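First comes the structure, then the notes that go with it.
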Amino acid sequence: MVTGPTRRLDLPRLVLAAPTSGAGKTTVATGLMAALVARGLRVSPHKVGPDYIDPSYHTLATGRPGRNLDAVLCGPQRLAPLFAHAAAGTDIAVVEGVMGLFDGVATPRAGEQPDHASTAHVARLLDAPVVLVVDASGASRSIAALVTGFRMFDPRLHLAGVILNRVGSARHRRLLTDALADIGMPVFGALPRETTVHTPSRHLGLVPAAERRPAAVAAVDRLAHLVATTCDLDALLRVARAAPPLHTPTWQPTEALTTPAPSPSPIPAPASAARPPSPRTGGRPVRVAMAGGAAFTFGYAEHAELLRAAGADVVTVDPLRDENLPAGTDALILGGGFPEEHTADLAANLPLRAAIAAFAAAGRPISAECAGLLYLATTLDGVPMCGVLDVAAVMGPRLTLGYRHAIAATASPLTSAGTPLGAHEFHRTVLPAPGAATGAAWWLPIADDPLPPARDTTAPRGGGAARGGGGETATRWRAEGFVRGQVHASYLHLHWAGQPDIARRLLEAAHATRPAHPADTGHPADAIDAA
């Protein structure tokens with residue numbers, strides 16, 4: 001739940017969707033954002049779903065953090081408030097969809113809509129018009145039948161028009177636009193088959209913009225020119241400006257920290273999952289180092305906002321370049337990214353690896369997600385890492401991808417044991433599974449998990465049976481991730497806006513475990529009690 005007054009938001013906005021993945025949404029969305037910025041507009045960039053990579057290009061295009069709108073990780077009730085927060089002070093919001101327009105979670109749970117977490121779901125929550133990006137290669141009049149189906153499938157949506165992609169010739173464009181004119185569907189643009197604008201990809205999708213910044217900036221500039229010269233920007237602006245007022249509270253990180261909020265996961269939480277007590281005030285702010293640079297590019301902007309709202313000093317450490325943690329570091333966050341692409345350089349930074357191992361051995365809190373988990377391992381594909389966890393990571397044969405509904409297996413700096421929440425998994429590496437007795441981070445219901453059930457079938461502490469991913473009752477579970485002292489390391493990606501107590505709890509752990517200092521007489525979260 002988001003409290004606070006409901007306000008009228010008069011913000012031009014539109015959603016760029018597609019019939020399927022691979023139709024060119026990112027090309028059109030990034031190019032449109034950059035083209036609008038070139039016109040002098042302040043553009044708020046958004047991406048439906050948990051993806052980190054597309055928003056990195058949105059950030060380059062707009063100069064603002066790319067924001068995710070994810071109904072599973074954050075809860076649908078928070079999406080309009082998060083949207084209003086992100087879009088404050090802008091002239092227009094552009095939302096890039098995910099997969100096909102109506103593609104959401106594989107099996108909705110009780111009370112969820114059939115297209116839960118889809119682009120269509122988010123468009124309805126934002127009351128935003130939809131523009132469909134259609135891959136026109138290999139089709140002519142059939143495009144009209146396709147678009148007719150999408151227009152009629154959900155009458156709650158406003159399908160405002162179409163942008164055609166991969167158009168072969170002027171004649172091909174005429175056939176397509178004539179067919180769409182016959183059904184009264186506006187065409188806002190037609191992009192040719194373009195080979196000069198290319199964004200490279202690898203095993204987890206596009207290469208993040210931070211890893212190829214000069215080339216990525218040049219690609220975004222070319223996309224801006226491509227969209228500006230092939231699309232009717234004035235018509236798209238008219239569509240966006242016709243969006244009705246959105247009546248919503250605005251998400252505020254300080255308020256989120258002080259307002260009890262239900263988890264976005266419907267798994268029932270036991271009594272042990274209570275909210276931490278309000279902190280005391282005073283003392284030096286807790287300093288939180290967040291990994292950045294080319295190897296650690298995944299993160300949600302709301303995490304740093306929540307930490308700062310709780311009074312923390314948030315700084316960046318680049319494991320490829322920095323030989324030590326920032327002075328006065330009290331907690332370390334190692335987020336997602338592609339360490340497997342930088343193993344030699346990560347291994348070569350012996351001073352930082354030793355500093356992180358010593359930080360963990362001293363009982364200082366570390367939150368590690370996916371890439372961070374791999375970095376804390378003994379080795380990654382045989383290359384030495386930090387050695388905080390006595391496990392060896394290797395590249396696996398297939399991609400592991402999907403939403404997870406998890407229960408915290410062990411109390412940690414992030415959660416109390418028994419806390420339920422929604423998460424996302426996205427990797428191609430493999431680690432040995434933790435045993436139940438070794439301090440696992442999470443319990444995952446077998447029904448919620450595509451991996452074989454030959455892992456661990458112990459019921460989660462205090463939880464008993466709970467709902468699995470397919471809506472059935474899950475009685476078998478597997479352990480995932482590791483809790484070692486004050487280290488929480490897991491493949492699961494979390495969005496703290498859906499569970500803001502994570503920020504508070506991490507700072508409490510950091511404050512409790514840092515060395516005594518004359519100024520350390522209070523608690524880091526001054527901003528909370530002052531609110």
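Order determines the names: the first chain of the structure tokens is A, the second B, and so forth; residues in each chain are numbered 1 upward, and ligands are numbered 1 upward as they are shown.
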
Let's see if you can do this: from backbone DSSP, list all strand (DSSP E or B) residues in region 149-392 of chain A, as an MDAnalysis selection string. chainID A and resid 159:167 187:192 201:202 205:206 231 246:248 287:291 298 313:317 331:334 336 366:369 379:380 383:384 392

CA of Glu112 (chain A) sits from CA of His495 (chain A) at a separation of 19.7 Å

Within 12 Å of region 223-226 of chain A, counting only C-alpha atoms, which residues qualify if same-chain residues fewer than 3 places away don't, as a PyMOL selection string? chain A and resi 24-39+57-58+60-62+165+189-199+216-220+229-233

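Counting only C-alpha atoms and comparing A:Gly498, A:Gly161, A:Pro5, A:Gly168, the residue that lies closest to Ala136 (chain A) is A:Gly168.
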
Could you give me the residues within region 140-240 of chain A that DSSP places in helix (DSSP H, G or I), as a ChimeraX atom specification? /A:142-153,170-182,209-230,233-240

Neighbours of Trp442 (chain A) within 12 Å (only C-alpha atoms; same-chain residues fewer than 4 positions away dropped), as an NGL selection string? :A and (404-412 or 414-423 or 433-436 or 438 or 456 or 459-461 or 477-483 or 488-493)

Find the residues around Arg13 (chain A) up to 8 Å (only C-alpha atoms counted), leave out those fewer than 4 positions away in its own chain, and share them as a tab-separated table (two decimals) with C-alpha atoms, in the first residue's frame.
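Result file is around_34.tsv:
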```tsv
chain	number	residue	atom	x	y	z
A	92	ILE	CA	6.38	13.26	-21.08
A	93	ALA	CA	6.78	9.62	-20.05
A	94	VAL	CA	7.63	6.85	-22.49
A	95	VAL	CA	7.10	3.27	-21.30
A	128	ALA	CA	-1.94	5.20	-20.91
A	129	PRO	CA	-2.47	4.91	-24.68
A	240	ALA	CA	0.59	11.17	-25.36
A	241	ARG	CA	-0.99	14.52	-24.49
A	243	ALA	CA	-3.89	10.64	-22.01
```

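Using only C-alpha atoms for every distance, the candidate list A:Arg484, A:Arg156, A:Arg8, A:Arg67 yields A:Arg484 as the residue closest to Arg364 (chain A).
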
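Reported to one decimal place, the separation of CA of Ile333 (chain A) from CA of Trp251 (chain A) is 23.2 Å.
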
Calculate how many Å separate CA of Gly485 (chain A) from CA of Ala362 (chain A), rounding to one decimal. 9.4 Å

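Near region 177-186 of chain A, within a cut-off of 8 Å and counting only C-alpha atoms, sit the residues Ser140, Arg141, Ile143, Ala144, Thr148, Ala160, Gly161 and Val162 of chain A, with same-chain residues fewer than 6 positions away left out.
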
Write a file of the selected residues as a JSON list (two decimals), in the first residue's frame, keeping N, CA and C atoms.
```
[["chain", "number", "residue", "atom", "x", "y", "z"],
["A", 140, "SER", "N", 2.19, -8.24, -45.63],
["A", 140, "SER", "CA", 1.62, -7.02, -46.20],
["A", 140, "SER", "C", 0.22, -6.83, -45.60],
["A", 141, "ARG", "N", -0.86, -7.22, -46.33],
["A", 141, "ARG", "CA", -2.21, -6.98, -45.81],
["A", 141, "ARG", "C", -2.51, -7.77, -44.54],
["A", 143, "ILE", "N", -0.98, -7.75, -41.95],
["A", 143, "ILE", "CA", -0.74, -6.88, -40.80],
["A", 143, "ILE", "C", -2.07, -6.34, -40.26],
["A", 144, "ALA", "N", -3.01, -6.04, -41.13],
["A", 144, "ALA", "CA", -4.29, -5.48, -40.68],
["A", 144, "ALA", "C", -5.05, -6.49, -39.84],
["A", 148, "THR", "N", -5.96, -5.85, -35.97],
["A", 148, "THR", "CA", -7.37, -5.93, -35.58],
["A", 148, "THR", "C", -7.54, -6.82, -34.37],
["A", 160, "ALA", "N", -3.74, 3.21, -29.81],
["A", 160, "ALA", "CA", -3.83, 4.48, -30.53],
["A", 160, "ALA", "C", -3.29, 4.41, -31.94],
["A", 161, "GLY", "N", -2.41, 3.47, -32.22],
["A", 161, "GLY", "CA", -1.83, 3.41, -33.56],
["A", 161, "GLY", "C", -0.68, 2.44, -33.60],
["A", 162, "VAL", "N", 0.02, 2.46, -34.73],
["A", 162, "VAL", "CA", 1.05, 1.47, -35.03],
["A", 162, "VAL", "C", 2.30, 2.17, -35.53]]
```

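Proximity of A:Pro326, A:Gly299, A:Pro19, A:Pro351 to Phe102 (chain A), computed with only C-alpha atoms, is greatest for A:Pro19.
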
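Checking A:Ala440, A:Val2, A:Leu431, A:Ala503 one by one against Glu305 (chain A), counting only C-alpha atoms, you find the shortest gap at A:Ala503.
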